[in-house]
Structure formats: C-alpha cells, structure tokens
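Reviewing the structure listed below.
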Amino acid sequence: MTRALYIGRFQPYHNGHQAVLSWIATQCDEIVIGVGSAQLSHEPDNPFTAGERVLMITRALESLGTPIYVIPIEDIMRNALWVAHVRSMSPPFDRVYSGNPLVMRLFSEAMIEVETPALYERQVLSGTEIRRRMLEGEDWKDLVPGAVVEVLQEIDGVGRMKQITRNDCDPSDYGKKSESGRNHHGF
C-alpha cells in the first residue's frame, strides 16, 4: 500500500488543490493532507482556522474514493527539524507531493521520495488571488469547490476577511455594531 503526503495552507482550499489531489488519488492508495501553518488564523493572508480548513477539505473530497487523513500541522520555524515534526504529526507516508521548493528540498534531504504534480491554472487558482477577489467583491465562487463555498458562507468567511483587513483608523467604522451586538472595539 502507498500513502502519500500533500501539504498546503489551503487559505482557502480551491479547485487547483482539488485537481492535484484527484490526480494524486490515482497514484496512491491513501492520502495524508497536511494543513500547514495550522496555528494561524484571522490574518489577511491566513484568514481561516485549521478546523475550518479541515472542514473545507473533507467536504470537498467526500467523493474522492481514496481514503484521506487531514492533519493540522503547526509551523515550528526550524527548517532542519521540520520534516521530523511533520512525521510526528502524521500517519506514516511513502512519498510527498509538492511544488514548493523548500518542502521539496527538506523532504529530499530526509531521503523521502518527492514528486511535483502539475499545477492547475496557477495564475488564477491561488489562495492570494481568491482572497483578493473575495475582498474586492469579484467573482470567486467558481474557483473553489461548491462544498467550500458552503463552508465559507457558514462561517461568514468574506465578512471576516473584510473586517480583519479594515483599517482601525477608518472613522466610518466607529459606533458600528457587529452581529454579536458589540462594536468592532469589543464594547
């Protein structure tokens, strides 16, 4: 049996990830999906929690037909120890699929087979571009699986992103109440 590892931040999970994982599913028996930078959330570049990203991935891959294990992996900021950290958080795996040069190098140095999958429409299918479109009110829903659209609506992902990227010096925000009944200062 072959078990592969695929790591990403998935901020958010999109159709490019879906295409790569569908292809990986034809190459192995099981897939471990590492949700990288799991400790980060509520930031402009990392707006979604690890749990929300796990939900996006598992719902989007329900019909994949290959067993998946979605594992949050926090950053440790020590590249020389990172592979051991990933191994300690994950079920055993035989190979890694990645296009990230640092990830490829670190696993290669640890004598783990690394393959680079073809990227799918990378100019449009990137978390950065999707987040930009969400913030600008442009079309983005066709860039992510339908299950991800549902999760993002459930958690008010667009609303969160707009709020956390707002400038706290914008006088038009003062006195506004959130759905919790508090203004954006928590009062």
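A note on labels: chains of the structure tokens are A, B, ... as shown, every chain counts residues from 1, and ligands are counted from 1 in their shown order.
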Point to revise | Polymer residues at most 12 Å from region 98-104 of chain A, only C-alpha atoms, same-chain spacing of 5 or more positions, as an MDAnalysis selection string | key: chainID A and resid 4:9 17 20:21 24 33:34 36 79:80 82:83 86 109:120 122
Which residues of region 20-134 of chain A have any atom within 8 Å of an atom in region 141-157 of chain A when counting only C-alpha atoms, and what is the closest pair of atoms for each, with the distance in Å to one decimal? Order the rows by chain and rising number and write it as JSON lines.
{"residue": "A:Pro47", "atom": "CA", "partner": "A:Gly157", "partner_atom": "CA", "distance": 7.8}
{"residue": "A:Phe48", "atom": "CA", "partner": "A:Gly157", "partner_atom": "CA", "distance": 7.5}
{"residue": "A:Glu52", "atom": "CA", "partner": "A:Val151", "partner_atom": "CA", "distance": 7.6}
{"residue": "A:Leu55", "atom": "CA", "partner": "A:Val151", "partner_atom": "CA", "distance": 7.3}
{"residue": "A:Met56", "atom": "CA", "partner": "A:Val148", "partner_atom": "CA", "distance": 5.0}
{"residue": "A:Ile57", "atom": "CA", "partner": "A:Val148", "partner_atom": "CA", "distance": 7.7}
{"residue": "A:Arg59", "atom": "CA", "partner": "A:Ala147", "partner_atom": "CA", "distance": 5.8}
{"residue": "A:Ala60", "atom": "CA", "partner": "A:Ala147", "partner_atom": "CA", "distance": 5.2}
{"residue": "A:Val124", "atom": "CA", "partner": "A:Leu143", "partner_atom": "CA", "distance": 8.0}
{"residue": "A:Leu125", "atom": "CA", "partner": "A:Leu143", "partner_atom": "CA", "distance": 6.5}
{"residue": "A:Ile130", "atom": "CA", "partner": "A:Leu143", "partner_atom": "CA", "distance": 7.3}
Export N, CA and C atoms of the chosen residues as a short mmCIF file (atom, residue, chain, number, x, y, z; two decimals), in the first residue's frame?
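Just written: result_33.cif:
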data_model
loop_
_atom_site.label_atom_id
_atom_site.label_comp_id
_atom_site.auth_asym_id
_atom_site.auth_seq_id
_atom_site.Cartn_x
_atom_site.Cartn_y
_atom_site.Cartn_z
N PRO A 47 -6.76 33.81 6.81
CA PRO A 47 -8.00 34.18 7.49
C PRO A 47 -8.75 33.05 8.17
N PHE A 48 -8.49 31.81 7.77
CA PHE A 48 -9.32 30.69 8.23
C PHE A 48 -8.57 29.82 9.22
N GLU A 52 -11.52 25.07 10.24
CA GLU A 52 -12.32 25.47 9.07
C GLU A 52 -11.71 24.93 7.79
N LEU A 55 -12.50 21.29 7.51
CA LEU A 55 -13.88 21.15 7.07
C LEU A 55 -14.00 21.37 5.56
N MET A 56 -13.35 22.39 5.04
CA MET A 56 -13.37 22.64 3.58
C MET A 56 -12.86 21.43 2.82
N ILE A 57 -11.72 20.91 3.26
CA ILE A 57 -11.06 19.81 2.55
C ILE A 57 -11.90 18.53 2.62
N ARG A 59 -15.08 18.06 3.24
CA ARG A 59 -16.33 18.15 2.49
C ARG A 59 -16.09 18.12 0.99
N ALA A 60 -15.05 18.81 0.53
CA ALA A 60 -14.78 18.86 -0.91
C ALA A 60 -14.33 17.50 -1.45
N VAL A 124 -4.66 31.82 -11.78
CA VAL A 124 -5.98 32.17 -11.24
C VAL A 124 -6.26 31.39 -9.96
N LEU A 125 -5.84 30.14 -9.92
CA LEU A 125 -6.14 29.29 -8.77
C LEU A 125 -5.03 29.37 -7.74
N ILE A 130 -7.75 34.35 -4.89
CA ILE A 130 -9.12 34.12 -4.42
C ILE A 130 -9.45 35.06 -3.26
#
Exercise for review: Would you please work out which residue, of A:Thr128, A:Gln11, A:Gln18, A:Thr66, is nearest to Ser37 (chain A) when using only C-alpha atoms?
Suggested key: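 Nearest to Ser37 (chain A): A:Gln11.
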Check your understanding: Interatomic distance between CA of Phe10 (chain A) and CA of Val35 (chain A)?
Key -> 6.9 Å
Exercise for review: Please measure the separation of CA of Cys169 (chain A) and CA of Gln39 (chain A), giving the value in Å to one decimal.
Suggested key: 27.5 Å
Exercise for review: Quick one: pull the distance between CA of Glu62 (chain A) and CA of Trp23 (chain A), Å, one decimal.
Suggested key: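 CA of Trp23 (chain A) lies at a distance of 15.2 Å from CA of Glu62 (chain A).
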Exercise for review: Please return as a VMD selection string: the residues of region 32-71 of chain A that backbone DSSP assigns to helix (DSSP H, G or I).
Suggested key: chain A and resid 50 to 60
Grab the residues selected above and save them as a tab-separated table (two decimals), in the first residue's frame with N, CA and C atoms.
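File produced: part_33.tsv:
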chain	number	residue	atom	x	y	z
A	50	ALA	N	-7.52	26.33	11.32
A	50	ALA	CA	-7.18	24.97	10.88
A	50	ALA	C	-8.45	24.12	10.79
A	51	GLY	N	-9.33	24.24	11.79
A	51	GLY	CA	-10.57	23.46	11.78
A	51	GLY	C	-11.45	23.80	10.59
A	52	GLU	N	-11.52	25.07	10.24
A	52	GLU	CA	-12.32	25.47	9.07
A	52	GLU	C	-11.71	24.93	7.79
A	53	ARG	N	-10.40	24.92	7.70
A	53	ARG	CA	-9.73	24.38	6.51
A	53	ARG	C	-9.92	22.86	6.43
A	54	VAL	N	-9.86	22.19	7.58
A	54	VAL	CA	-10.14	20.74	7.61
A	54	VAL	C	-11.55	20.48	7.08
A	55	LEU	N	-12.50	21.29	7.51
A	55	LEU	CA	-13.88	21.15	7.07
A	55	LEU	C	-14.00	21.37	5.56
A	56	MET	N	-13.35	22.39	5.04
A	56	MET	CA	-13.37	22.64	3.58
A	56	MET	C	-12.86	21.43	2.82
A	57	ILE	N	-11.72	20.91	3.26
A	57	ILE	CA	-11.06	19.81	2.55
A	57	ILE	C	-11.90	18.53	2.62
A	58	THR	N	-12.34	18.17	3.82
A	58	THR	CA	-13.07	16.90	3.96
A	58	THR	C	-14.39	16.94	3.21
A	59	ARG	N	-15.08	18.06	3.24
A	59	ARG	CA	-16.33	18.15	2.49
A	59	ARG	C	-16.09	18.12	0.99
A	60	ALA	N	-15.05	18.81	0.53
A	60	ALA	CA	-14.78	18.86	-0.91
A	60	ALA	C	-14.33	17.50	-1.45
Review point. In region 21-56 of chain A, what's strand (DSSP E) per DSSP? Answer as a PyMOL selection string?
Key: chain A and resi 30-35
For the selection you just gave me, I'd like the residues written to a file as a short mmCIF file (atom, residue, chain, number, x, y, z; two decimals), in the first residue's frame, keeping N, CA and C atoms.
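Writing the result to selection.cif gives the following:
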data_model
loop_
_atom_site.label_atom_id
_atom_site.label_comp_id
_atom_site.auth_asym_id
_atom_site.auth_seq_id
_atom_site.Cartn_x
_atom_site.Cartn_y
_atom_site.Cartn_z
N GLU A 30 -3.73 5.87 -0.31
CA GLU A 30 -4.25 6.76 0.72
C GLU A 30 -3.50 8.08 0.65
N ILE A 31 -4.15 9.15 1.13
CA ILE A 31 -3.52 10.47 1.10
C ILE A 31 -3.61 11.11 2.48
N VAL A 32 -2.47 11.59 2.94
CA VAL A 32 -2.41 12.41 4.13
C VAL A 32 -2.33 13.86 3.64
N ILE A 33 -3.24 14.67 4.11
CA ILE A 33 -3.25 16.08 3.71
C ILE A 33 -2.85 16.90 4.93
N GLY A 34 -1.69 17.53 4.84
CA GLY A 34 -1.20 18.35 5.93
C GLY A 34 -1.67 19.78 5.78
N VAL A 35 -2.41 20.26 6.76
CA VAL A 35 -2.87 21.65 6.76
C VAL A 35 -1.77 22.47 7.44
#
Exercise for review: Rank nothing, just name the residue among A:Ala38, A:Ser90, A:Ser63, A:Gln163 nearest to Ile76 (chain A), using only C-alpha atoms.
Suggested key: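 Distance minimum relative to Ile76 (chain A) lands on A:Ala38.
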Exercise for review: For each of A:Glu121, A:Glu138, A:Val96, A:Arg87, take the minimum atom-to-atom distance to Ala19 (chain A), counting only C-alpha atoms, then give the residue where this is smallest.
Suggested key: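 Answer, going by the shortest atom-to-atom distance: A:Glu121.
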Distance query Met161 (chain A) at most 10 Å, only C-alpha atoms, self and fewer than 2 positions along chain excluded, as a PDB file with N, CA and C atoms, in the first residue's frame:
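The result, stored in selection08.pdb:
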ATOM      1  N   HIS A  42      -7.354  34.350  11.235  1.00  0.00           N
ATOM      2  CA  HIS A  42      -7.814  35.723  11.454  1.00  0.00           C
ATOM      3  C   HIS A  42      -6.763  36.764  11.086  1.00  0.00           C
ATOM      4  N   GLU A  43      -5.974  36.458  10.059  1.00  0.00           N
ATOM      5  CA  GLU A  43      -4.992  37.374   9.487  1.00  0.00           C
ATOM      6  C   GLU A  43      -5.304  37.519   8.002  1.00  0.00           C
ATOM      7  N   PRO A  44      -4.941  38.642   7.381  1.00  0.00           N
ATOM      8  CA  PRO A  44      -5.262  38.816   5.954  1.00  0.00           C
ATOM      9  C   PRO A  44      -4.768  37.686   5.052  1.00  0.00           C
ATOM     10  N   ASP A  45      -3.567  37.168   5.273  1.00  0.00           N
ATOM     11  CA  ASP A  45      -3.045  36.075   4.439  1.00  0.00           C
ATOM     12  C   ASP A  45      -3.454  34.698   4.936  1.00  0.00           C
ATOM     13  N   ASN A  46      -3.955  34.625   6.151  1.00  0.00           N
ATOM     14  CA  ASN A  46      -4.357  33.355   6.770  1.00  0.00           C
ATOM     15  C   ASN A  46      -5.658  33.570   7.539  1.00  0.00           C
ATOM     16  N   PRO A  47      -6.759  33.807   6.810  1.00  0.00           N
ATOM     17  CA  PRO A  47      -7.996  34.185   7.495  1.00  0.00           C
ATOM     18  C   PRO A  47      -8.753  33.046   8.166  1.00  0.00           C
ATOM     19  N   PHE A  48      -8.491  31.807   7.766  1.00  0.00           N
ATOM     20  CA  PHE A  48      -9.322  30.694   8.226  1.00  0.00           C
ATOM     21  C   PHE A  48      -8.569  29.816   9.222  1.00  0.00           C
ATOM     22  N   ARG A 131      -8.529  35.225  -2.331  1.00  0.00           N
ATOM     23  CA  ARG A 131      -8.774  36.161  -1.223  1.00  0.00           C
ATOM     24  C   ARG A 131      -8.930  37.588  -1.738  1.00  0.00           C
ATOM     25  N   ARG A 132      -8.123  37.975  -2.726  1.00  0.00           N
ATOM     26  CA  ARG A 132      -8.242  39.309  -3.311  1.00  0.00           C
ATOM     27  C   ARG A 132      -9.625  39.506  -3.908  1.00  0.00           C
ATOM     28  N   MET A 134     -12.368  37.923  -3.149  1.00  0.00           N
ATOM     29  CA  MET A 134     -13.362  37.954  -2.076  1.00  0.00           C
ATOM     30  C   MET A 134     -13.443  39.358  -1.475  1.00  0.00           C
ATOM     31  N   LEU A 135     -12.296  39.969  -1.252  1.00  0.00           N
ATOM     32  CA  LEU A 135     -12.256  41.301  -0.656  1.00  0.00           C
ATOM     33  C   LEU A 135     -12.786  42.382  -1.596  1.00  0.00           C
ATOM     34  N   ASP A 156     -19.145  32.842   7.478  1.00  0.00           N
ATOM     35  CA  ASP A 156     -19.058  34.244   7.059  1.00  0.00           C
ATOM     36  C   ASP A 156     -17.613  34.611   6.744  1.00  0.00           C
ATOM     37  N   GLY A 157     -16.980  33.785   5.915  1.00  0.00           N
ATOM     38  CA  GLY A 157     -15.575  33.978   5.564  1.00  0.00           C
ATOM     39  C   GLY A 157     -15.297  35.313   4.899  1.00  0.00           C
ATOM     40  N   VAL A 158     -16.156  35.735   3.986  1.00  0.00           N
ATOM     41  CA  VAL A 158     -15.940  37.016   3.315  1.00  0.00           C
ATOM     42  C   VAL A 158     -16.090  38.159   4.317  1.00  0.00           C
ATOM     43  N   GLY A 159     -17.105  38.102   5.156  1.00  0.00           N
ATOM     44  CA  GLY A 159     -17.288  39.129   6.173  1.00  0.00           C
ATOM     45  C   GLY A 159     -16.098  39.216   7.115  1.00  0.00           C
ATOM     46  N   GLN A 163     -13.540  42.416   7.583  1.00  0.00           N
ATOM     47  CA  GLN A 163     -13.362  43.042   8.891  1.00  0.00           C
ATOM     48  C   GLN A 163     -11.902  43.044   9.328  1.00  0.00           C
ATOM     49  N   ILE A 164     -11.195  41.943   9.141  1.00  0.00           N
ATOM     50  CA  ILE A 164      -9.809  41.884   9.630  1.00  0.00           C
ATOM     51  C   ILE A 164      -8.834  42.669   8.756  1.00  0.00           C
ATOM     52  N   THR A 165      -9.250  43.046   7.541  1.00  0.00           N
ATOM     53  CA  THR A 165      -8.373  43.850   6.691  1.00  0.00           C
ATOM     54  C   THR A 165      -8.712  45.332   6.773  1.00  0.00           C
ATOM     55  N   ARG A 166      -9.711  45.676   7.552  1.00  0.00           N
ATOM     56  CA  ARG A 166     -10.138  47.067   7.712  1.00  0.00           C
ATOM     57  C   ARG A 166      -9.097  47.843   8.516  1.00  0.00           C
TER      58      ARG A 166
END
